[in-house]
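Peer 1: This one is data29.cif, mmCIF, C-alpha atoms and all ligand atoms.
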```
data_start
loop_
_atom_site.label_atom_id
_atom_site.label_comp_id
_atom_site.auth_asym_id
_atom_site.auth_seq_id
_atom_site.Cartn_x
_atom_site.Cartn_y
_atom_site.Cartn_z
CA MET A 1 83.57 20.71 -58.54
CA ASN A 2 82.28 18.91 -61.65
CA GLN A 3 84.15 15.78 -60.63
CA LEU A 4 82.48 15.92 -57.24
CA PHE A 5 78.94 16.10 -58.65
CA PRO A 6 78.38 12.39 -59.26
CA TYR A 7 79.53 11.60 -55.72
CA LEU A 8 77.28 14.29 -54.26
CA ALA A 9 74.38 12.98 -56.34
CA ILE A 10 75.00 9.45 -55.07
CA ILE A 11 75.18 10.68 -51.44
CA PHE A 12 72.03 12.73 -51.96
CA LEU A 13 70.28 9.69 -53.42
CA PHE A 14 71.30 7.59 -50.44
CA VAL A 15 70.09 10.25 -47.98
CA ALA A 16 66.78 10.57 -49.89
CA ALA A 17 66.35 6.80 -49.94
CA TRP A 18 67.07 6.60 -46.23
CA PHE A 19 64.46 9.30 -45.50
CA ALA A 20 61.97 7.60 -47.85
CA TRP A 21 62.52 4.30 -46.05
CA ARG A 22 62.12 6.03 -42.65
CA TYR A 23 58.92 7.65 -43.86
CA TYR A 24 57.62 4.36 -45.24
CA ASP A 25 58.52 2.50 -42.02
CA LEU A 26 56.86 5.16 -39.80
CA LYS A 27 53.73 5.13 -41.93
CA ARG A 28 53.58 1.33 -41.77
CA ARG A 29 53.94 1.40 -37.97
CA VAL A 30 51.31 4.15 -37.54
CA ASP A 31 48.95 2.14 -39.74
CA GLU A 32 49.63 -0.97 -37.68
CA TYR A 33 49.08 1.08 -34.50
CA ALA A 34 45.78 2.49 -35.83
CA ARG A 35 44.69 -1.07 -36.67
CA LEU A 36 45.48 -2.19 -33.12
CA VAL A 37 43.61 0.80 -31.63
CA ARG A 38 40.59 -0.33 -33.61
CA ILE A 39 40.65 -4.06 -33.02
CA ALA A 40 42.56 -4.67 -29.76
CA PRO A 41 43.01 -1.45 -27.80
CA GLU A 42 44.19 -3.32 -24.73
CA THR A 43 47.33 -4.64 -26.47
CA LEU A 44 48.71 -1.30 -27.67
CA PRO A 45 52.50 -1.31 -27.85
CA THR A 46 53.94 1.64 -25.99
CA ASP A 47 57.64 1.03 -26.62
CA ILE A 48 57.98 1.70 -30.32
CA LYS A 49 60.49 4.45 -30.41
CA GLN A 50 59.18 6.39 -33.31
CA ILE A 51 55.65 6.55 -32.14
CA GLU A 52 56.28 6.66 -28.42
CA ASN A 53 54.82 10.13 -27.97
CA LEU A 54 51.76 9.38 -30.01
CA SER A 55 51.34 6.09 -28.18
CA ASN A 56 51.63 7.76 -24.77
CA ALA A 57 49.14 10.46 -25.74
CA ILE A 58 46.65 7.91 -27.00
CA ALA A 59 47.16 5.65 -23.96
CA SER A 60 46.50 8.52 -21.54
CA LEU A 61 43.52 9.60 -23.62
CA LYS A 62 42.23 6.04 -23.39
CA THR A 63 42.69 5.95 -19.60
CA THR A 64 40.74 9.21 -19.22
CA PHE A 65 38.11 7.89 -21.59
CA ASP A 66 37.81 4.58 -19.66
CA LEU A 67 37.46 6.50 -16.40
CA GLN A 68 34.72 8.71 -17.84
CA LEU A 69 33.00 5.65 -19.27
CA SER A 70 32.95 3.85 -15.92
CA THR A 71 31.66 7.01 -14.15
CA LEU A 72 28.97 7.20 -16.80
CA ASP A 73 28.19 3.50 -16.32
CA SER A 74 27.80 3.84 -12.56
CA ASP A 75 25.70 7.03 -12.99
CA ASN A 76 23.56 5.12 -15.45
CA ALA A 77 23.16 2.18 -13.08
CA ARG A 78 22.23 4.52 -10.23
CA LEU A 79 19.69 6.33 -12.38
CA SER A 80 18.08 3.13 -13.59
CA THR A 81 17.85 1.79 -10.00
CA VAL A 82 16.12 5.01 -8.97
CA LEU A 83 13.73 4.81 -11.92
CA GLU A 84 13.02 1.16 -11.21
CA GLN A 85 12.32 1.71 -7.53
CA LEU A 86 10.33 4.92 -8.01
CA THR A 87 6.66 4.47 -7.17
CA ASP A 88 5.77 7.27 -9.59
CA GLY A 89 5.56 6.43 -13.27
CA VAL A 90 8.15 8.03 -15.61
CA ILE A 91 7.69 7.94 -19.38
CA ILE A 92 9.94 9.50 -22.03
CA VAL A 93 8.16 10.30 -25.29
CA ASP A 94 9.81 11.30 -28.58
CA ALA A 95 8.70 14.14 -30.88
CA ASN A 96 6.37 11.78 -32.80
CA GLY A 97 4.51 10.66 -29.68
CA PHE A 98 6.20 7.27 -29.38
CA ILE A 99 7.37 6.02 -26.03
CA GLN A 100 11.11 5.57 -25.73
CA PHE A 101 11.25 4.62 -22.10
CA ALA A 102 8.77 3.71 -19.36
CA ASN A 103 9.80 2.67 -15.86
CA PRO A 104 8.14 -0.36 -14.17
CA ALA A 105 5.80 1.89 -12.11
CA ALA A 106 4.46 3.52 -15.30
CA GLN A 107 3.93 0.13 -16.97
CA LYS A 108 2.11 -1.12 -13.88
CA LEU A 109 -0.10 1.97 -13.62
CA PHE A 110 -1.13 1.65 -17.27
CA GLU A 111 -1.24 -2.16 -17.14
CA ILE A 112 1.14 -2.72 -20.05
CA SER A 113 4.36 -4.72 -20.15
CA ASP A 114 6.02 -3.44 -23.33
CA ALA A 115 5.32 0.29 -23.45
CA PRO A 116 8.45 1.37 -25.43
CA GLY A 117 7.63 1.58 -29.13
CA HIS A 118 3.92 2.15 -28.53
CA SER A 119 2.27 5.54 -28.88
CA VAL A 120 1.17 7.60 -25.86
CA THR A 121 -2.48 7.19 -26.91
CA GLU A 122 -2.17 3.40 -26.96
CA VAL A 123 -0.59 3.22 -23.54
CA VAL A 124 -2.39 5.95 -21.58
CA ARG A 125 -5.87 5.15 -22.97
CA ASN A 126 -7.57 8.11 -21.33
CA HIS A 127 -8.48 11.11 -23.44
CA GLN A 128 -8.07 13.69 -20.67
CA LEU A 129 -4.56 12.50 -19.88
CA VAL A 130 -3.64 12.22 -23.57
CA ASP A 131 -4.98 15.76 -24.13
CA ALA A 132 -2.74 17.08 -21.35
CA TRP A 133 0.29 15.52 -23.08
CA ARG A 134 -0.84 17.00 -26.45
CA ARG A 135 -1.21 20.47 -24.91
CA CYS A 136 2.31 20.14 -23.55
CA GLN A 137 3.65 19.21 -27.02
CA GLN A 138 1.82 22.13 -28.66
CA THR A 139 2.52 24.85 -26.12
CA ASN A 140 5.92 23.63 -24.93
CA GLU A 141 4.73 24.28 -21.40
CA MET A 142 4.24 21.98 -18.46
CA GLN A 143 0.71 20.58 -18.16
CA SER A 144 -0.96 18.56 -15.45
CA GLU A 145 -4.22 16.68 -15.24
CA SER A 146 -5.90 14.42 -12.66
CA VAL A 147 -8.55 11.88 -13.51
CA GLU A 148 -10.47 9.14 -11.82
CA LEU A 149 -10.56 5.83 -13.67
CA PRO A 150 -13.66 4.17 -12.23
CA SER A 151 -13.10 0.94 -14.18
CA ARG A 152 -9.75 0.48 -12.46
CA HIS A 153 -10.72 2.18 -9.16
CA GLN A 154 -7.77 4.47 -9.64
CA PHE A 155 -7.12 8.14 -9.26
CA LEU A 156 -4.17 9.27 -11.40
CA GLN A 157 -2.32 12.54 -11.80
CA LEU A 158 -0.30 13.13 -14.95
CA ILE A 159 2.35 15.84 -15.36
CA ALA A 160 3.74 16.40 -18.87
CA ILE A 161 7.02 18.32 -19.07
CA PRO A 162 8.39 19.48 -22.47
CA ASP A 163 11.84 18.19 -23.39
CA THR A 164 13.28 21.14 -25.31
CA HIS A 165 16.39 19.27 -26.56
CA ALA A 166 14.65 16.33 -28.19
CA SER A 167 11.31 18.14 -28.79
CA GLY A 168 9.60 15.24 -27.04
CA SER A 169 8.28 15.20 -23.51
CA LEU A 170 8.69 13.65 -20.12
CA ILE A 171 5.54 12.32 -18.48
CA LEU A 172 5.26 11.75 -14.74
CA VAL A 173 2.31 9.74 -13.41
CA GLN A 174 1.33 9.58 -9.78
CA ASP A 175 -1.18 7.21 -8.25
CA LEU A 176 -3.24 9.35 -5.88
CA THR A 177 -5.79 6.61 -5.14
CA ARG A 178 -4.63 6.03 -1.57
CA VAL A 179 -4.42 9.73 -0.76
CA ARG A 180 -7.90 10.30 -2.17
CA ARG A 181 -9.30 7.32 -0.29
CA LEU A 182 -7.80 8.58 2.97
CA GLU A 183 -9.34 11.99 2.38
CA THR A 184 -12.75 10.41 1.82
CA VAL A 185 -12.37 8.18 4.87
CA ARG A 186 -11.48 11.19 7.01
CA ARG A 187 -14.40 13.22 5.70
CA ASP A 188 -16.79 10.31 6.27
CA PHE A 189 -15.36 9.73 9.70
CA ILE A 190 -16.03 13.28 10.84
CA SER A 191 -19.51 13.31 9.37
CA ASN A 192 -20.21 9.92 10.98
CA ILE A 193 -19.05 11.07 14.40
CA SER A 194 -21.19 14.21 14.21
CA HIS A 195 -24.13 12.11 13.16
CA GLU A 196 -23.58 9.52 15.91
CA LEU A 197 -23.30 12.27 18.52
CA ARG A 198 -26.39 14.11 17.36
CA THR A 199 -28.83 11.29 18.09
CA PRO A 200 -27.98 10.64 21.77
CA LEU A 201 -27.48 14.36 22.42
CA ALA A 202 -30.90 15.14 20.94
CA SER A 203 -32.57 12.52 23.10
CA LEU A 204 -30.69 13.75 26.19
CA LYS A 205 -31.93 17.25 25.43
CA ALA A 206 -35.52 16.00 24.97
CA LEU A 207 -35.38 13.94 28.17
CA THR A 208 -34.01 16.78 30.30
CA GLU A 209 -36.55 19.23 28.86
CA THR A 210 -39.37 16.81 29.68
CA LEU A 211 -38.03 16.42 33.21
CA GLN A 212 -37.72 20.20 33.58
CA SER A 213 -41.28 20.76 32.43
CA GLY A 214 -42.72 18.72 35.29
CA ALA A 215 -41.90 15.06 34.72
CA LEU A 216 -39.26 15.20 37.49
CA ALA A 217 -42.04 15.31 40.09
CA ASP A 218 -43.89 12.41 38.46
CA PRO A 219 -43.15 9.30 40.59
CA ASP A 220 -43.43 7.01 37.56
CA ALA A 221 -42.04 9.01 34.61
CA GLY A 222 -39.26 10.76 36.64
CA PRO A 223 -37.14 7.68 37.46
CA ARG A 224 -37.86 6.18 34.01
CA PHE A 225 -36.56 9.25 32.20
CA LEU A 226 -33.53 9.42 34.51
CA GLY A 227 -32.84 5.77 33.69
CA ARG A 228 -32.92 6.58 29.97
CA ILE A 229 -30.61 9.55 30.48
CA ASN A 230 -28.24 7.21 32.29
CA ALA A 231 -28.36 4.73 29.38
CA GLU A 232 -27.69 7.49 26.82
CA VAL A 233 -24.73 8.76 28.84
CA ASP A 234 -23.40 5.18 29.05
CA ALA A 235 -23.70 4.82 25.29
CA LEU A 236 -21.85 8.11 24.76
CA THR A 237 -19.14 7.05 27.20
CA GLN A 238 -18.77 3.73 25.40
CA MET A 239 -18.53 5.50 22.08
CA ALA A 240 -15.85 7.87 23.39
CA GLN A 241 -13.90 4.88 24.71
CA GLU A 242 -14.24 2.98 21.44
CA LEU A 243 -13.18 6.01 19.40
CA LEU A 244 -10.15 6.43 21.61
CA ASP A 245 -9.28 2.73 21.25
CA LEU A 246 -9.69 2.91 17.50
CA SER A 247 -7.58 6.02 17.07
CA ARG A 248 -4.85 4.56 19.32
CA ILE A 249 -4.83 1.30 17.38
CA GLU A 250 -4.91 3.00 13.99
CA SER A 251 -2.09 5.39 14.83
CA GLY A 252 0.01 2.48 16.03
CA GLN A 253 0.12 3.71 19.64
CA VAL A 254 -1.11 0.42 20.98
CA GLU A 255 1.73 -1.96 21.39
CA LEU A 256 0.80 -5.60 21.52
CA ILE A 257 2.35 -7.55 24.35
CA LEU A 258 2.86 -10.83 22.54
CA ALA A 259 3.36 -14.00 24.54
CA PRO A 260 2.61 -17.73 24.11
CA LEU A 261 -1.08 -18.31 24.71
CA ALA A 262 -3.10 -21.53 24.91
CA PRO A 263 -6.21 -21.16 22.69
CA LYS A 264 -8.37 -23.07 25.14
CA SER A 265 -7.63 -20.75 28.06
CA LEU A 266 -8.46 -17.71 25.90
CA VAL A 267 -11.81 -19.14 24.81
CA THR A 268 -12.67 -20.20 28.35
CA SER A 269 -11.94 -16.86 29.94
CA ALA A 270 -13.90 -14.94 27.26
CA ALA A 271 -16.85 -17.31 27.73
CA ASP A 272 -16.70 -16.87 31.50
CA ARG A 273 -16.82 -13.10 31.12
CA MET A 274 -19.86 -13.24 28.84
CA ARG A 275 -21.83 -16.17 30.31
CA MET A 276 -23.91 -14.07 32.70
CA GLN A 277 -24.86 -11.61 29.98
CA ALA A 278 -25.82 -14.44 27.62
CA GLU A 279 -27.92 -16.19 30.24
CA ARG A 280 -29.68 -12.98 31.09
CA ALA A 281 -30.63 -12.70 27.41
CA GLY A 282 -31.99 -16.28 27.52
CA LEU A 283 -29.14 -17.75 25.48
CA LYS A 284 -27.02 -20.85 25.91
CA LEU A 285 -23.27 -20.28 25.63
CA SER A 286 -21.02 -23.30 25.05
CA ILE A 287 -17.44 -24.09 24.07
CA LYS A 288 -16.04 -26.59 21.55
CA CYS A 289 -12.29 -26.66 21.68
CA GLU A 290 -10.13 -29.11 19.73
CA ASP A 291 -7.66 -31.06 21.86
CA GLY A 292 -3.91 -30.62 21.52
CA LEU A 293 -3.97 -27.19 19.88
CA GLN A 294 -0.61 -25.46 19.63
CA ASN A 295 0.00 -22.21 21.45
CA ILE A 296 -0.48 -18.98 19.57
CA ARG A 297 1.61 -15.82 19.88
CA ALA A 298 -0.79 -13.18 21.07
CA ASP A 299 -1.68 -10.32 23.36
CA ARG A 300 -4.09 -12.05 25.69
CA SER A 301 -6.15 -9.06 26.82
CA ARG A 302 -6.54 -7.68 23.28
CA LEU A 303 -7.67 -11.02 21.84
CA GLU A 304 -10.07 -11.46 24.73
CA GLN A 305 -11.44 -8.01 23.86
CA VAL A 306 -12.05 -9.25 20.29
CA LEU A 307 -13.85 -12.39 21.47
CA VAL A 308 -15.92 -10.36 23.94
CA ASN A 309 -16.88 -7.90 21.14
CA ILE A 310 -18.01 -10.74 18.89
CA ILE A 311 -19.89 -12.60 21.66
CA HIS A 312 -21.49 -9.32 22.72
CA ASN A 313 -22.80 -8.89 19.16
CA ALA A 314 -24.03 -12.50 19.11
CA VAL A 315 -25.94 -11.83 22.34
CA LYS A 316 -27.37 -8.59 20.93
CA PHE A 317 -28.51 -10.10 17.65
CA THR A 318 -29.88 -13.46 18.86
CA LYS A 319 -33.41 -13.90 20.17
CA PRO A 320 -34.01 -15.57 23.57
CA GLY A 321 -33.84 -19.37 23.37
CA GLY A 322 -30.95 -19.17 20.91
CA GLU A 323 -27.47 -20.56 21.18
CA ILE A 324 -23.92 -19.26 20.96
CA VAL A 325 -20.98 -21.63 20.42
CA LEU A 326 -17.33 -20.69 20.79
CA GLU A 327 -14.91 -22.86 18.86
CA ALA A 328 -11.17 -23.20 18.49
CA GLY A 329 -9.56 -25.54 15.97
CA SER A 330 -6.38 -25.87 13.93
CA ALA A 331 -6.06 -24.10 10.59
CA SER A 332 -3.12 -23.90 8.20
CA GLY A 333 -0.35 -22.04 10.01
CA GLY A 334 -2.55 -21.00 12.87
CA VAL A 335 -5.51 -21.54 15.14
CA ARG A 336 -8.98 -20.70 13.91
CA PHE A 337 -11.45 -19.28 16.40
CA ALA A 338 -15.15 -19.12 15.63
CA VAL A 339 -18.24 -17.68 17.30
CA ARG A 340 -21.50 -19.15 15.99
CA ASP A 341 -24.91 -17.81 16.85
CA SER A 342 -28.44 -18.73 15.90
CA GLY A 343 -29.42 -15.08 15.57
CA ILE A 344 -30.98 -12.85 12.94
CA GLY A 345 -28.00 -13.13 10.58
CA ILE A 346 -26.41 -10.58 8.28
CA PRO A 347 -27.51 -9.89 4.69
CA ALA A 348 -24.95 -11.04 2.11
CA GLU A 349 -24.37 -7.49 0.78
CA SER A 350 -23.42 -6.28 4.27
CA LEU A 351 -20.97 -9.07 5.12
CA SER A 352 -18.00 -7.29 3.62
CA ARG A 353 -18.93 -3.99 5.23
CA ILE A 354 -19.57 -4.84 8.88
CA PHE A 355 -15.86 -4.40 9.67
CA GLU A 356 -15.96 -0.76 8.50
CA ARG A 357 -16.10 1.95 11.12
CA PHE A 358 -19.64 2.98 12.09
CA TYR A 359 -21.21 0.42 9.77
CA ARG A 360 -24.39 -1.10 11.16
CA VAL A 361 -26.68 -3.26 9.07
CA ASP A 362 -29.90 -1.67 10.13
CA LYS A 363 -29.52 1.25 12.47
CA SER A 364 -33.06 0.94 13.73
CA ARG A 365 -32.76 -2.72 14.81
CA THR A 366 -29.40 -2.64 16.55
CA GLY A 367 -30.39 -0.59 19.56
CA SER A 368 -27.25 0.40 21.39
CA GLY A 369 -23.95 0.25 19.57
CA THR A 370 -21.78 2.53 17.54
CA GLY A 371 -20.64 0.18 14.80
CA LEU A 372 -17.02 0.46 15.96
CA GLY A 373 -16.61 -2.88 17.75
CA LEU A 374 -15.84 -4.99 14.69
CA SER A 375 -13.52 -2.44 13.12
CA ILE A 376 -11.50 -2.35 16.36
CA SER A 377 -11.49 -6.17 16.36
CA LYS A 378 -10.26 -6.26 12.78
CA HIS A 379 -7.34 -3.96 13.61
CA ILE A 380 -6.37 -6.11 16.58
CA ILE A 381 -6.48 -9.34 14.56
CA GLU A 382 -4.47 -7.83 11.72
CA ALA A 383 -1.89 -6.49 14.16
CA HIS A 384 -1.41 -10.14 15.20
CA GLY A 385 -0.77 -11.06 11.56
CA GLY A 386 -4.16 -12.78 11.44
CA LYS A 387 -7.35 -12.54 9.44
CA ILE A 388 -11.00 -12.02 10.42
CA TRP A 389 -14.17 -12.62 8.42
CA ALA A 390 -17.82 -13.53 8.82
CA GLU A 391 -20.31 -15.86 7.20
CA SER A 392 -24.04 -15.75 7.65
CA ASP A 393 -27.29 -17.29 6.66
CA GLU A 394 -29.81 -14.50 7.08
CA GLY A 395 -32.51 -15.43 9.53
CA ARG A 396 -30.59 -18.49 10.76
CA GLY A 397 -27.43 -17.14 12.30
CA SER A 398 -23.91 -15.90 11.78
CA ILE A 399 -20.38 -17.23 12.26
CA PHE A 400 -17.44 -14.93 12.96
CA TYR A 401 -14.02 -16.43 12.29
CA PHE A 402 -10.51 -15.30 12.97
CA VAL A 403 -7.17 -17.03 12.51
CA ILE A 404 -4.09 -16.26 14.62
CA PRO A 405 -0.66 -17.61 13.62
CA ILE A 406 0.79 -20.26 15.91
CA LEU A 407 3.96 -19.74 17.88
CA THR A 408 7.05 -20.63 15.85
CA ASN A 409 10.62 -20.58 17.08
N1 LIG B 1 -23.72 -11.76 15.35
C1 LIG B 1 -24.30 -10.83 14.58
N2 LIG B 1 -25.53 -11.06 14.05
C2 LIG B 1 -26.12 -10.14 13.25
N3 LIG B 1 -25.56 -8.95 12.92
C3 LIG B 1 -24.35 -8.68 13.41
C4 LIG B 1 -23.66 -9.60 14.26
N4 LIG B 1 -22.47 -9.05 14.58
C5 LIG B 1 -22.42 -7.85 13.98
N5 LIG B 1 -23.54 -7.63 13.27
C6 LIG B 1 -23.82 -6.44 12.44
O1 LIG B 1 -22.61 -5.74 12.26
C7 LIG B 1 -22.73 -4.40 12.73
C8 LIG B 1 -21.42 -3.90 13.26
O2 LIG B 1 -21.05 -4.53 14.46
P1 LIG B 1 -20.14 -3.76 15.49
O3 LIG B 1 -18.98 -3.20 14.74
O4 LIG B 1 -19.83 -4.66 16.63
O5 LIG B 1 -21.02 -2.55 15.93
P2 LIG B 1 -22.17 -2.44 17.01
O6 LIG B 1 -22.18 -3.70 17.80
O7 LIG B 1 -21.74 -1.25 17.80
O8 LIG B 1 -23.41 -2.19 16.24
C9 LIG B 1 -23.83 -4.47 13.76
O9 LIG B 1 -24.44 -3.23 13.92
C10 LIG B 1 -24.75 -5.49 13.14
O10 LIG B 1 -25.58 -4.89 12.20
MG MG B 2 -20.53 -4.63 18.61
#
```
Translate the structure of the given file into structure tokens.
Peer 2:
Amino acid sequence: MNQLFPYLAIIFLFVAAWFAWRYYDLKRRVDEYARLVRIAPETLPTDIKQIENLSNAIASLKTTFDLQLSTLDSDNARLSTVLEQLTDGVIIVDANGFIQFANPAAQKLFEISDAPGHSVTEVVRNHQLVDAWRRCQQTNEMQSESVELPSRHQFLQLIAIPDTHASGSLILVQDLTRVRRLETVRRDFISNISHELRTPLASLKALTETLQSGALADPDAGPRFLGRINAEVDALTQMAQELLDLSRIESGQVELILAPLAPKSLVTSAADRMRMQAERAGLKLSIKCEDGLQNIRADRSRLEQVLVNIIHNAVKFTKPGGEIVLEAGSASGGVRFAVRDSGIGIPAESLSRIFERFYRVDKSRTGSGTGLGLSISKHIIEAHGGKIWAESDEGRGSIFYFVIPILTN
């Protein structure tokens, strides 16, 4: 046994050395593998015997990880598209009140281009809105606030939602300006209609009462009062028709029948329709039409209605002996029509308002009329992709212009 000991010791040494070498080699390979994972994960060897299992496990882990990363990437892209396209403003604020993210709508609403990094106070610049955000931070409860910003003609609503994870908050901002304006327009519209109805109805009532109390038998007053009743009923009928037209046009129920139209023929037929009326009012109506004008794309009867409305106004607001000129000439991308009169004119401060519904410069001087004609005309011109405006020299006359795009193929 003693003689065997040296041999056994030598064998043992060899076995130990072999294991040590195996251990050293494995460690070296794992280190090399770890280095590759760090610097070039795409070139991982998968065929090294000793570390095959480890390699496979890591490779499959990497595949799962890559898949999750790409899902996360596409979720991220989708979310940022939504945030970019959203018309409501979205702002993420950290616990210290600094903005971490603001979508384009928020930056536009607060007129700032680099909101992230700035404080809420710097960006929002309205103490009521900032207070709402502060309350949200303090109470950890959702807060909302609406304010009107007269300097910017804006009506904003802010909703601050606490972010319990990051102890910051999420701020949503909505621009309610349009909604508010529509509400006001609707309220004004109803009050205007009631007002416009009250006047003719009151005079109808007065006229019929006068007739009932004896004037009917009066050979002079009787027919005169009946004539006035007739005129009031006509005015009411016209108003009902105009209101109907307006509501149809505004709700998009009126479909334009667009076809090629020669500007000259439009001007001529509108002038022919109005010539008698103008002459009866002691006015001269003439046409100046440029030669060789291109055709426009238009709904003939609707455009004629616009010209008739404008000429009708010119007749109404021009004293006998005056003149009305209808013009058609080329303008950039279209044909410009104009109706000039030598009438009483329109004060500068009213020029931008005459196209509003029910707007009349001076209700006492206009006589008949509801103030709807020009607003109907404006809708018709805009539906043609055109533009309408007026210029005037008070006391000397007015010019109404509109441009209609020419026909392009
Ligand atoms: N050619 C014009 N000259 C002077 N004022 C005008 C002229 N055209 C329009 N206006 C003013 O614009 C207002 C609105 O016109 P419009 O919408 O056609 O309503 P209406 O003719 O029913 O009064 C008129 O009441 C008038 O005060
Ligand atoms: Mg009119």
Peer 1: May I have the residues within 9 Å of ligand LIG 1 (chain B), computed using only C-alpha atoms and all ligand atoms, as a PyMOL selection string?
Peer 2: chain A and resi 239+309-318+339-347+350-351+353-363+365-377+390+392+394+397-400
Peer 1: For the selection you just gave me, I'd like the residues written to a file as a JSON list (two decimals), keeping the file's coordinate frame, keeping C-alpha atoms.
Peer 2:
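Below is the file selection_37.json, written as the result:
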```
[["chain", "number", "residue", "atom", "x", "y", "z"],
["A", 239, "MET", "CA", -18.53, 5.50, 22.08],
["A", 309, "ASN", "CA", -16.88, -7.90, 21.14],
["A", 310, "ILE", "CA", -18.01, -10.74, 18.89],
["A", 311, "ILE", "CA", -19.89, -12.60, 21.66],
["A", 312, "HIS", "CA", -21.49, -9.32, 22.72],
["A", 313, "ASN", "CA", -22.80, -8.89, 19.16],
["A", 314, "ALA", "CA", -24.03, -12.50, 19.11],
["A", 315, "VAL", "CA", -25.94, -11.83, 22.34],
["A", 316, "LYS", "CA", -27.37, -8.59, 20.93],
["A", 317, "PHE", "CA", -28.51, -10.10, 17.65],
["A", 318, "THR", "CA", -29.88, -13.46, 18.86],
["A", 339, "VAL", "CA", -18.24, -17.68, 17.30],
["A", 340, "ARG", "CA", -21.50, -19.15, 15.99],
["A", 341, "ASP", "CA", -24.91, -17.81, 16.85],
["A", 342, "SER", "CA", -28.44, -18.73, 15.90],
["A", 343, "GLY", "CA", -29.42, -15.08, 15.57],
["A", 344, "ILE", "CA", -30.98, -12.85, 12.94],
["A", 345, "GLY", "CA", -28.00, -13.13, 10.58],
["A", 346, "ILE", "CA", -26.41, -10.58, 8.28],
["A", 347, "PRO", "CA", -27.51, -9.89, 4.69],
["A", 350, "SER", "CA", -23.42, -6.28, 4.27],
["A", 351, "LEU", "CA", -20.97, -9.07, 5.12],
["A", 353, "ARG", "CA", -18.93, -3.99, 5.23],
["A", 354, "ILE", "CA", -19.57, -4.84, 8.88],
["A", 355, "PHE", "CA", -15.86, -4.40, 9.67],
["A", 356, "GLU", "CA", -15.96, -0.76, 8.50],
["A", 357, "ARG", "CA", -16.10, 1.95, 11.12],
["A", 358, "PHE", "CA", -19.64, 2.98, 12.09],
["A", 359, "TYR", "CA", -21.21, 0.42, 9.77],
["A", 360, "ARG", "CA", -24.39, -1.10, 11.16],
["A", 361, "VAL", "CA", -26.68, -3.26, 9.07],
["A", 362, "ASP", "CA", -29.90, -1.67, 10.13],
["A", 363, "LYS", "CA", -29.52, 1.25, 12.47],
["A", 365, "ARG", "CA", -32.76, -2.72, 14.81],
["A", 366, "THR", "CA", -29.40, -2.64, 16.55],
["A", 367, "GLY", "CA", -30.39, -0.59, 19.56],
["A", 368, "SER", "CA", -27.25, 0.40, 21.39],
["A", 369, "GLY", "CA", -23.95, 0.25, 19.57],
["A", 370, "THR", "CA", -21.78, 2.53, 17.54],
["A", 371, "GLY", "CA", -20.64, 0.18, 14.80],
["A", 372, "LEU", "CA", -17.02, 0.46, 15.96],
["A", 373, "GLY", "CA", -16.61, -2.88, 17.75],
["A", 374, "LEU", "CA", -15.84, -4.99, 14.69],
["A", 375, "SER", "CA", -13.52, -2.44, 13.12],
["A", 376, "ILE", "CA", -11.50, -2.35, 16.36],
["A", 377, "SER", "CA", -11.49, -6.17, 16.36],
["A", 390, "ALA", "CA", -17.82, -13.53, 8.82],
["A", 392, "SER", "CA", -24.04, -15.75, 7.65],
["A", 394, "GLU", "CA", -29.81, -14.50, 7.08],
["A", 397, "GLY", "CA", -27.43, -17.14, 12.30],
["A", 398, "SER", "CA", -23.91, -15.90, 11.78],
["A", 399, "ILE", "CA", -20.38, -17.23, 12.26],
["A", 400, "PHE", "CA", -17.44, -14.93, 12.96]]
```
Peer 1: Check the smallest atom-to-atom distance from each of A:Arg187, A:Arg178, A:Arg22, A:Lys378 to ligand MG 2 (chain B) using only C-alpha atoms and all ligand atoms, then report the winner.
Peer 2: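 For ligand MG 2 (chain B), the nearest of the given residues is A:Lys378.
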Peer 1: For stretch 229-236 of chain A, find every residue with an atom within 7 Å (counting all atoms listed in the file), except residues of its own chain fewer than 2 positions away, and show them as a list in words.
Peer 2: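 Residues meeting the cut-off are Pro200, Leu204, Leu207, Phe225, Leu226, Gly227, Gln238, Met239, Ala240 and Ser368 of chain A.
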Peer 1: Between atom CA of A:Ser55 and atom CA of A:Thr43, what distance in Å does the model show, to one decimal?
Peer 2: 11.6 Å
Peer 1: Could you check the closest approach to A:Leu258 for each of A:Ala106, A:Ile171, A:Ala77, A:Ala383 and tell me which residue wins, using only C-alpha atoms?
Peer 2: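 Counting only C-alpha atoms, the residue closest to A:Leu258 is A:Ala383.
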Peer 1: Quick one: distance from atom CA of A:Ala281 to atom CA of A:Gly322 in Å, one decimal?
Peer 2: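 Going from atom CA of A:Ala281 over to atom CA of A:Gly322 covers 9.2 Å.
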